[in-house]
Amino acid sequence: MSTFIQTLIVGLRLGSIYALVALGYTMVYGIIRLINFAHGDFLMVGGYTMIFTIPVTLALGLPAWSSVVFAILICAVVGVSTELVAYRPIRKRGTSMTALITAIAVSLLLENLAQAIPAIGPNPVVASQFFSTGGFSVSGVTMEWTTVYTIVISAVVMVVLYQFTQKTKLGRAMRCVSEDKEASILMGINVNNTIVLTFAIGSGLSAVAALMYLAQYPKVYTTMGALLGLKAFVAAVLGGIGVIPGAMLGGLIIGLVESFTTSYVSSSMADTFVFLILIVVLILKPAGILGKNVGEKV
Amino acid sequence: MKNRTAKGYIINTVVIAAVLIGFSVLKGSLGGSQTFKLILVPSLWQCCYLIILAASLNLVLGFLGQLSLGHCGFMAIGAYAAALISLACERAGVFADKSSPAFFLVLIGCILAAGILAALVGLLVGIPALRLKGDYLAIITLGFGMIIVNIINNLPFAGQEGLSMGSASASLYKNGLGFGTASKVTFVWVAIIVTLVCLVMMFMFIRSKYGRAIRAIREDEIAASASGINTSYYKIFTFTYSAFFAGVAGALYACANATLSTSSFAFTNGGILNSTFIVVMVVLGGMGSLTGSIISAIIMFILNYQIKNGLWVKSLTGFLGGMFAYPMLVYAIILIVVIMFRPMGIFGTYEFSLLNISRDIKNYRAKKALQKAGKKEADANE
């Protein structure tokens with residue numbers, strides 16, 4: 001029983017990280033209908049930024065985790081410049097397929113560019129502790145403080161973001177653009193600025209996810225975001241792409257599936273199960289669990 | 001029109017025969033030299049499977065207009081199937097060494113079996129996957145590709161455990177399919193002829209009613225189905241057909257390499273054999289032009305070879321040197337530049353044909369002249 005609860009906790013923690021990354025995917029896909037393959041690599045950018053800025057925050061007398069502020073800023077800048085330099089010109093001229101190919105190319109570019117930069121280099125860097133270690137244990141089940149932080153922070157981020165999209169003017173503009181671009185132009189919404197804002201928020205979230213991820217696996221390497229990003233995308237599709245609570249739900253489900261397969265079946269088959277879920281969902285209910293079925297326009 | 005087709009077949013056969021004879025003369029005169037054995041022949045092998053891969057993905061990406069990111073999965077199936085079958089034959093004593101005629105039959109059998117197995121899996125993948133389109137199809141094929149590689153990796157007789165039950169996978173190749181330098185030279189014919197046959201099959205496919213149907217689907221699926229084209233049948237058929245050739249390419253890959261490892265077929269790896277690299281080749285050559293795929297496969301091979309072995313690359317230092325240490329970076333830049341500035345690739349949808357050379361040159365000249373005239377007019381107006 002204690003193994004079961006332990007696995008559950010690990011799954012929830014992993015799921016919270018997936019959910020944060022999935023949020024970025026879902027927001028960007030919702031607004032420009034493009035799978036931003038580079039999103040997972042923003043997480044890598046965030047990871048390296050934190051590695052490089054931890055000395056700065058420590059010198060200022062701040063705790064190590066506050067370097068996430070720099071990471072959020074840098075990630076937002078990288079995300080927005082990706083949109084401005086690569087995606088926007090392609091969106092204007094190309095088809096959705098060329099846009100998708102561009103996204104894959106940008107992802108490859110970020111990964112390999114990071115490897116080519118001498119300061120970053122190909123070898124993994126070990127991150128220092130972000131949070132104080134330790135935890136508490138209840139009847140044989142240990143709960144680390146970092147786990148608590150991870151789950152609580154991602155839940156808070158989720159609620160804040162949901163309220164942002166529901167209640168504020170900018171959030172409403174975002175939902176409006178994702179529903180109908182032409183109509184939102186008529187309503188006086190600056191579509192391009194809204195898209196840029198979406199990219200900034202989504203990429204910033206991946207920096208937060210990077211903090212959570214590094215708190216658990218303290219190692220930064222250039223391809224760390226590739227597989228994680230793909231799984232987060234699976235989470236976004238599972239929950240219903242474009243739906244914010246869906247990303248949370250999908251992320252948690254993927255995290256639980258992964259942790260349960262790892263501890264009860266085989267760790268090397270975990271990815272297979274995650275992608276099997278994707279395939280089953282896409283075939284049975286392509287709109288996802290919380291998504292609405294939208295008929296295709298002829 | 002019938003006459004013209006017959007003329008085309010005769011011309012093509014004569015030219016292919018001439019090229020093969022030329023190559024055999026070359027082989028006869030250069031046969032002993034080390035450059036030929038160690039550089040030219042391995043390059044030819046690699047070119048052959050890259051060409052088949054690029055052309056076969058072009059059927060789906062260029063002619064059918066659907067992005068599939070799992071192409072390497074089918075290649076992995078082909079490679080492992082061929083390697084395992086040849087191993088089984090060798091263990092069963094069908095052939096003792098590579099010079100026996102029985103081995104030649106086994107080789108051909110392996111290549112065919114690899115293709116057929118990959119096609120079967122392609123059919124199984126295609127039936128559910130092709131109900132989706134666009135982004136979802138890309139991601140589902142990516143998922144299938146990963147699952148295939150993951151399953152191969154977890155098979156007890158392949159993957160991590162190595163092909164020969166427990167020991168390192170390299171030892172399989174003492175007598176199995178993997179060729180050393182000498183057998184590569186002996187069997188380079190097989191690679192060239194298999195590639196030619198595959199290309200002929202693909203060219204015939206795109207010129208048949210199937211090719212016209214899938215191009216109609218690419219342009220407008222709803223209009224195509226309204227015109228009486230069974231869209232899902234044609235889509236699944238094309239996907240299966242393309243998977244067949246990916247399997248054949250995998251078998252050639254298994255022949256040309258001393259080791260097989262599933263990590264080289266994964267989606268996210270730094271080597272060149274991932275599904276994205278095939279997409280780069282197709283996009284560079286032109287989506288919808290088999291000629292383009294062939295040329296760009298050769299270009300990308302030469303580029304890759306230069307990056308890996310070229311002396312000018314080794315002399316680069318600092319950041320530039322680092323850039324070339326990770327060839328995928330160069331390919332990513334190529335992909336972005338091509339998509340941004342010439343989205344149709346080198347050839348667009350142009351197909352080279354010996355029969356049409358004079359017509360193509362005439363068309364090209366006429367087009368240039370027209371552009372010139374237009375420019376003059378614009379200048380005059382200014």
# chains A, B, ... in the order shown; residues from 1 in each chain; ligands from 1

call {"tool": "residues_around", "arguments": {"residues": "segment 274-280 of chain A", "least_positions_apart": "2", "cutoff": "6 Å", "atoms": "only C-alpha atoms", "output": "list in words"}}
result
Val234, Asp271, Thr272, Leu282 and Ile283 of chain A; Gly143 of chain B

call {"tool": "interface_residues", "arguments": {"of": "chain B", "to": "chain A", "cutoff": "8 Å", "atoms": "only C-alpha atoms", "output": "PDB file with N, CA and C atoms, in the first residue's frame"}}
result
ATOM      1  N   GLN B  66       0.851  14.923 -46.511  1.00  0.00           N
ATOM      2  CA  GLN B  66       0.668  14.681 -45.084  1.00  0.00           C
ATOM      3  C   GLN B  66       2.041  14.519 -44.441  1.00  0.00           C
ATOM      4  N   LEU B  67       2.244  15.199 -43.330  1.00  0.00           N
ATOM      5  CA  LEU B  67       3.544  15.130 -42.678  1.00  0.00           C
ATOM      6  C   LEU B  67       3.610  13.901 -41.784  1.00  0.00           C
ATOM      7  N   PRO B 128      -5.409   3.482 -38.479  1.00  0.00           N
ATOM      8  CA  PRO B 128      -5.918   4.465 -37.514  1.00  0.00           C
ATOM      9  C   PRO B 128      -5.356   5.874 -37.723  1.00  0.00           C
ATOM     10  N   ALA B 129      -4.059   5.966 -38.097  1.00  0.00           N
ATOM     11  CA  ALA B 129      -3.419   7.286 -38.103  1.00  0.00           C
ATOM     12  C   ALA B 129      -3.986   8.190 -39.183  1.00  0.00           C
ATOM     13  N   ARG B 131      -6.810   8.582 -40.262  1.00  0.00           N
ATOM     14  CA  ARG B 131      -8.107   9.226 -40.043  1.00  0.00           C
ATOM     15  C   ARG B 131      -7.893  10.673 -39.624  1.00  0.00           C
ATOM     16  N   LEU B 132      -6.681  10.947 -39.134  1.00  0.00           N
ATOM     17  CA  LEU B 132      -6.357  12.312 -38.717  1.00  0.00           C
ATOM     18  C   LEU B 132      -5.578  12.985 -39.834  1.00  0.00           C
ATOM     19  N   GLY B 134      -2.929  16.654 -40.866  1.00  0.00           N
ATOM     20  CA  GLY B 134      -2.196  17.828 -40.410  1.00  0.00           C
ATOM     21  C   GLY B 134      -1.370  17.571 -39.172  1.00  0.00           C
ATOM     22  N   ASP B 135      -1.491  18.469 -38.201  1.00  0.00           N
ATOM     23  CA  ASP B 135      -0.670  18.400 -36.986  1.00  0.00           C
ATOM     24  C   ASP B 135      -0.869  17.096 -36.247  1.00  0.00           C
ATOM     25  N   TYR B 136      -2.130  16.662 -36.165  1.00  0.00           N
ATOM     26  CA  TYR B 136      -2.411  15.456 -35.394  1.00  0.00           C
ATOM     27  C   TYR B 136      -1.781  14.245 -36.042  1.00  0.00           C
ATOM     28  N   ILE B 140       0.881  11.802 -34.290  1.00  0.00           N
ATOM     29  CA  ILE B 140       0.558  10.388 -34.079  1.00  0.00           C
ATOM     30  C   ILE B 140       1.597   9.498 -34.769  1.00  0.00           C
ATOM     31  N   GLY B 143       4.494   9.437 -32.579  1.00  0.00           N
ATOM     32  CA  GLY B 143       4.255   8.517 -31.477  1.00  0.00           C
ATOM     33  C   GLY B 143       4.462   7.075 -31.902  1.00  0.00           C
ATOM     34  N   PHE B 144       3.912   6.703 -33.083  1.00  0.00           N
ATOM     35  CA  PHE B 144       4.070   5.335 -33.561  1.00  0.00           C
ATOM     36  C   PHE B 144       5.541   5.018 -33.802  1.00  0.00           C
ATOM     37  N   MET B 146       8.095   6.253 -32.304  1.00  0.00           N
ATOM     38  CA  MET B 146       8.764   6.055 -31.018  1.00  0.00           C
ATOM     39  C   MET B 146       8.387   4.716 -30.416  1.00  0.00           C
ATOM     40  N   ILE B 147       7.106   4.342 -30.544  1.00  0.00           N
ATOM     41  CA  ILE B 147       6.676   3.065 -29.973  1.00  0.00           C
ATOM     42  C   ILE B 147       7.394   1.914 -30.660  1.00  0.00           C
ATOM     43  N   ASN B 150      10.875   1.777 -29.459  1.00  0.00           N
ATOM     44  CA  ASN B 150      10.873   1.357 -28.064  1.00  0.00           C
ATOM     45  C   ASN B 150      10.626  -0.149 -27.933  1.00  0.00           C
ATOM     46  N   ILE B 151       9.700  -0.657 -28.753  1.00  0.00           N
ATOM     47  CA  ILE B 151       9.385  -2.089 -28.678  1.00  0.00           C
ATOM     48  C   ILE B 151      10.581  -2.907 -29.155  1.00  0.00           C
ATOM     49  N   ASN B 154      13.041  -3.275 -26.580  1.00  0.00           N
ATOM     50  CA  ASN B 154      12.699  -4.150 -25.460  1.00  0.00           C
ATOM     51  C   ASN B 154      12.513  -5.603 -25.862  1.00  0.00           C
ATOM     52  N   ILE B 222     -11.647  17.341 -49.982  1.00  0.00           N
ATOM     53  CA  ILE B 222     -13.102  17.267 -50.104  1.00  0.00           C
ATOM     54  C   ILE B 222     -13.516  17.194 -51.570  1.00  0.00           C
ATOM     55  N   THR B 268      14.776  11.806 -31.416  1.00  0.00           N
ATOM     56  CA  THR B 268      15.643  12.848 -30.903  1.00  0.00           C
ATOM     57  C   THR B 268      17.043  12.314 -30.755  1.00  0.00           C
ATOM     58  N   THR B 276      13.624  13.501 -38.798  1.00  0.00           N
ATOM     59  CA  THR B 276      13.709  14.898 -39.217  1.00  0.00           C
ATOM     60  C   THR B 276      14.683  15.069 -40.364  1.00  0.00           C
ATOM     61  N   GLY B 318      36.729  27.489 -32.519  1.00  0.00           N
ATOM     62  CA  GLY B 318      35.776  28.264 -31.731  1.00  0.00           C
ATOM     63  C   GLY B 318      34.338  27.902 -32.036  1.00  0.00           C
ATOM     64  N   PHE B 319      33.509  28.918 -32.135  1.00  0.00           N
ATOM     65  CA  PHE B 319      32.083  28.683 -32.273  1.00  0.00           C
ATOM     66  C   PHE B 319      31.755  27.995 -33.592  1.00  0.00           C
ATOM     67  N   GLY B 322      32.463  24.471 -33.340  1.00  0.00           N
ATOM     68  CA  GLY B 322      31.425  23.841 -32.528  1.00  0.00           C
ATOM     69  C   GLY B 322      30.171  23.603 -33.327  1.00  0.00           C
ATOM     70  N   MET B 323      29.882  24.563 -34.216  1.00  0.00           N
ATOM     71  CA  MET B 323      28.690  24.455 -35.042  1.00  0.00           C
ATOM     72  C   MET B 323      28.755  23.208 -35.912  1.00  0.00           C
ATOM     73  N   ALA B 325      30.523  20.636 -35.356  1.00  0.00           N
ATOM     74  CA  ALA B 325      30.599  19.407 -34.582  1.00  0.00           C
ATOM     75  C   ALA B 325      29.211  18.805 -34.409  1.00  0.00           C
ATOM     76  N   TYR B 326      28.164  19.623 -34.586  1.00  0.00           N
ATOM     77  CA  TYR B 326      26.790  19.129 -34.445  1.00  0.00           C
ATOM     78  C   TYR B 326      26.061  19.337 -35.753  1.00  0.00           C
ATOM     79  N   MET B 328      23.423  18.442 -37.010  1.00  0.00           N
ATOM     80  CA  MET B 328      21.986  18.727 -37.033  1.00  0.00           C
ATOM     81  C   MET B 328      21.725  20.226 -36.994  1.00  0.00           C
ATOM     82  N   LEU B 329      22.650  20.986 -36.394  1.00  0.00           N
ATOM     83  CA  LEU B 329      22.493  22.436 -36.357  1.00  0.00           C
ATOM     84  C   LEU B 329      22.513  22.992 -37.774  1.00  0.00           C
ATOM     85  N   ALA B 332      19.328  22.070 -39.468  1.00  0.00           N
ATOM     86  CA  ALA B 332      18.194  22.877 -39.008  1.00  0.00           C
ATOM     87  C   ALA B 332      18.211  24.238 -39.688  1.00  0.00           C
ATOM     88  N   ILE B 333      19.412  24.821 -39.808  1.00  0.00           N
ATOM     89  CA  ILE B 333      19.502  26.127 -40.467  1.00  0.00           C
ATOM     90  C   ILE B 333      19.092  25.997 -41.933  1.00  0.00           C
ATOM     91  N   LEU B 335      17.075  23.863 -43.195  1.00  0.00           N
ATOM     92  CA  LEU B 335      15.622  23.670 -43.251  1.00  0.00           C
ATOM     93  C   LEU B 335      14.901  25.009 -43.105  1.00  0.00           C
ATOM     94  N   ILE B 336      15.327  25.818 -42.132  1.00  0.00           N
ATOM     95  CA  ILE B 336      14.647  27.089 -41.909  1.00  0.00           C
ATOM     96  C   ILE B 336      14.833  28.008 -43.110  1.00  0.00           C
ATOM     97  N   ILE B 339      12.684  26.805 -46.054  1.00  0.00           N
ATOM     98  CA  ILE B 339      11.253  27.042 -45.842  1.00  0.00           C
ATOM     99  C   ILE B 339      10.940  28.536 -45.958  1.00  0.00           C
ATOM    100  N   MET B 340      11.857  29.388 -45.485  1.00  0.00           N
ATOM    101  CA  MET B 340      11.564  30.817 -45.495  1.00  0.00           C
ATOM    102  C   MET B 340      11.705  31.416 -46.881  1.00  0.00           C
ATOM    103  N   PRO B 343      10.189  27.996 -50.321  1.00  0.00           N
ATOM    104  CA  PRO B 343       9.410  26.915 -49.703  1.00  0.00           C
ATOM    105  C   PRO B 343       9.181  25.734 -50.634  1.00  0.00           C
TER     106      PRO B 343
END

call {"tool": "residues_around", "arguments": {"residues": "Leu59 of chain B", "least_positions_apart": "2", "cutoff": "10 Å", "atoms": "only C-alpha atoms", "output": "PDB file with N, CA and C atoms, in the first residue's frame"}}
result
ATOM      1  N   ALA B  54      14.475   9.229 -48.807  1.00  0.00           N
ATOM      2  CA  ALA B  54      13.947  10.546 -49.157  1.00  0.00           C
ATOM      3  C   ALA B  54      12.806  10.404 -50.147  1.00  0.00           C
ATOM      4  N   ALA B  55      13.019   9.567 -51.186  1.00  0.00           N
ATOM      5  CA  ALA B  55      11.980   9.434 -52.199  1.00  0.00           C
ATOM      6  C   ALA B  55      10.722   8.823 -51.599  1.00  0.00           C
ATOM      7  N   SER B  56      10.886   7.845 -50.692  1.00  0.00           N
ATOM      8  CA  SER B  56       9.691   7.194 -50.160  1.00  0.00           C
ATOM      9  C   SER B  56       8.930   8.129 -49.235  1.00  0.00           C
ATOM     10  N   LEU B  57       9.641   8.974 -48.468  1.00  0.00           N
ATOM     11  CA  LEU B  57       8.902   9.916 -47.630  1.00  0.00           C
ATOM     12  C   LEU B  57       8.218  10.960 -48.493  1.00  0.00           C
ATOM     13  N   LEU B  61       4.822  12.894 -47.937  1.00  0.00           N
ATOM     14  CA  LEU B  61       4.915  14.312 -47.581  1.00  0.00           C
ATOM     15  C   LEU B  61       4.641  15.205 -48.786  1.00  0.00           C
ATOM     16  N   GLY B  62       5.211  14.847 -49.927  1.00  0.00           N
ATOM     17  CA  GLY B  62       5.092  15.722 -51.076  1.00  0.00           C
ATOM     18  C   GLY B  62       3.848  15.461 -51.899  1.00  0.00           C
ATOM     19  N   PHE B  63       3.580  14.191 -52.212  1.00  0.00           N
ATOM     20  CA  PHE B  63       2.496  13.901 -53.142  1.00  0.00           C
ATOM     21  C   PHE B  63       1.160  13.769 -52.438  1.00  0.00           C
ATOM     22  N   LEU B  64       1.199  13.185 -51.213  1.00  0.00           N
ATOM     23  CA  LEU B  64      -0.060  13.054 -50.485  1.00  0.00           C
ATOM     24  C   LEU B  64      -0.301  14.282 -49.623  1.00  0.00           C
ATOM     25  N   GLY B  65       0.772  15.015 -49.312  1.00  0.00           N
ATOM     26  CA  GLY B  65       0.628  16.246 -48.545  1.00  0.00           C
ATOM     27  C   GLY B  65       0.358  16.030 -47.072  1.00  0.00           C
ATOM     28  N   GLN B  66       0.851  14.923 -46.511  1.00  0.00           N
ATOM     29  CA  GLN B  66       0.668  14.681 -45.084  1.00  0.00           C
ATOM     30  C   GLN B  66       2.041  14.519 -44.441  1.00  0.00           C
ATOM     31  N   MET B 202       8.563   3.770 -57.760  1.00  0.00           N
ATOM     32  CA  MET B 202       7.950   4.996 -57.239  1.00  0.00           C
ATOM     33  C   MET B 202       7.539   5.928 -58.373  1.00  0.00           C
ATOM     34  N   PHE B 203       8.414   6.035 -59.401  1.00  0.00           N
ATOM     35  CA  PHE B 203       8.064   6.894 -60.541  1.00  0.00           C
ATOM     36  C   PHE B 203       6.800   6.387 -61.213  1.00  0.00           C
ATOM     37  N   PHE B 205       4.498   4.691 -59.846  1.00  0.00           N
ATOM     38  CA  PHE B 205       3.368   4.918 -58.940  1.00  0.00           C
ATOM     39  C   PHE B 205       2.817   6.327 -59.105  1.00  0.00           C
ATOM     40  N   ILE B 206       3.724   7.332 -59.130  1.00  0.00           N
ATOM     41  CA  ILE B 206       3.191   8.697 -59.168  1.00  0.00           C
ATOM     42  C   ILE B 206       2.637   9.058 -60.534  1.00  0.00           C
ATOM     43  N   GLY B 211      -1.120   7.981 -58.501  1.00  0.00           N
ATOM     44  CA  GLY B 211      -0.401   9.239 -58.320  1.00  0.00           C
ATOM     45  C   GLY B 211      -1.309  10.426 -58.548  1.00  0.00           C
ATOM     46  N   ILE B 214      -3.678  10.757 -55.542  1.00  0.00           N
ATOM     47  CA  ILE B 214      -3.165  11.322 -54.290  1.00  0.00           C
ATOM     48  C   ILE B 214      -2.809  12.786 -54.464  1.00  0.00           C
ATOM     49  N   ARG B 215      -2.432  13.184 -55.679  1.00  0.00           N
ATOM     50  CA  ARG B 215      -2.187  14.619 -55.863  1.00  0.00           C
ATOM     51  C   ARG B 215      -3.493  15.401 -55.762  1.00  0.00           C
ATOM     52  N   THR B 238      -0.938   4.651 -50.063  1.00  0.00           N
ATOM     53  CA  THR B 238       0.313   5.394 -50.248  1.00  0.00           C
ATOM     54  C   THR B 238       1.211   5.245 -49.038  1.00  0.00           C
ATOM     55  N   PHE B 239       0.595   5.314 -47.856  1.00  0.00           N
ATOM     56  CA  PHE B 239       1.368   5.201 -46.625  1.00  0.00           C
ATOM     57  C   PHE B 239       2.062   3.837 -46.557  1.00  0.00           C
ATOM     58  N   TYR B 241       2.716   1.787 -49.086  1.00  0.00           N
ATOM     59  CA  TYR B 241       3.693   1.711 -50.177  1.00  0.00           C
ATOM     60  C   TYR B 241       4.983   2.400 -49.757  1.00  0.00           C
ATOM     61  N   SER B 242       4.827   3.569 -49.128  1.00  0.00           N
ATOM     62  CA  SER B 242       5.992   4.323 -48.690  1.00  0.00           C
ATOM     63  C   SER B 242       6.738   3.578 -47.589  1.00  0.00           C
ATOM     64  N   ALA B 243       5.988   2.937 -46.683  1.00  0.00           N
ATOM     65  CA  ALA B 243       6.626   2.176 -45.604  1.00  0.00           C
ATOM     66  C   ALA B 243       7.423   1.007 -46.170  1.00  0.00           C
ATOM     67  N   VAL B 282      13.652  15.871 -48.009  1.00  0.00           N
ATOM     68  CA  VAL B 282      12.488  16.019 -48.889  1.00  0.00           C
ATOM     69  C   VAL B 282      12.187  17.493 -49.125  1.00  0.00           C
ATOM     70  N   MET B 287       9.008  19.337 -52.208  1.00  0.00           N
ATOM     71  CA  MET B 287       7.927  18.421 -51.854  1.00  0.00           C
ATOM     72  C   MET B 287       7.097  18.183 -53.103  1.00  0.00           C
ATOM     73  N   GLY B 288       7.134  16.985 -53.608  1.00  0.00           N
ATOM     74  CA  GLY B 288       6.393  16.692 -54.820  1.00  0.00           C
ATOM     75  C   GLY B 288       7.306  16.524 -56.014  1.00  0.00           C
ATOM     76  N   SER B 289       8.593  16.275 -55.789  1.00  0.00           N
ATOM     77  CA  SER B 289       9.490  16.008 -56.900  1.00  0.00           C
ATOM     78  C   SER B 289      10.448  14.896 -56.498  1.00  0.00           C
ATOM     79  N   LEU B 290      10.282  13.717 -57.128  1.00  0.00           N
ATOM     80  CA  LEU B 290      11.183  12.607 -56.796  1.00  0.00           C
ATOM     81  C   LEU B 290      12.595  12.932 -57.248  1.00  0.00           C
TER      82      LEU B 290
END

call {"tool": "select_by_dssp", "arguments": {"residues": "segment 37-252 of chain A", "states": "helix (DSSP H, G or I)", "output": "number ranges by chain"}}
result
A: 39-59, 64-93, 96-116, 145-167, 169-179, 181-186, 191-216, 224-239, 244-252

call {"tool": "residues_around", "arguments": {"residues": "Ile108 of chain B", "least_positions_apart": "2", "cutoff": "12 Å", "atoms": "only C-alpha atoms", "output": "MDAnalysis selection string"}}
result
chainID B and resid 82 85:86 101:106 110:115 177 187 189:191 193:194 248 251:252 255
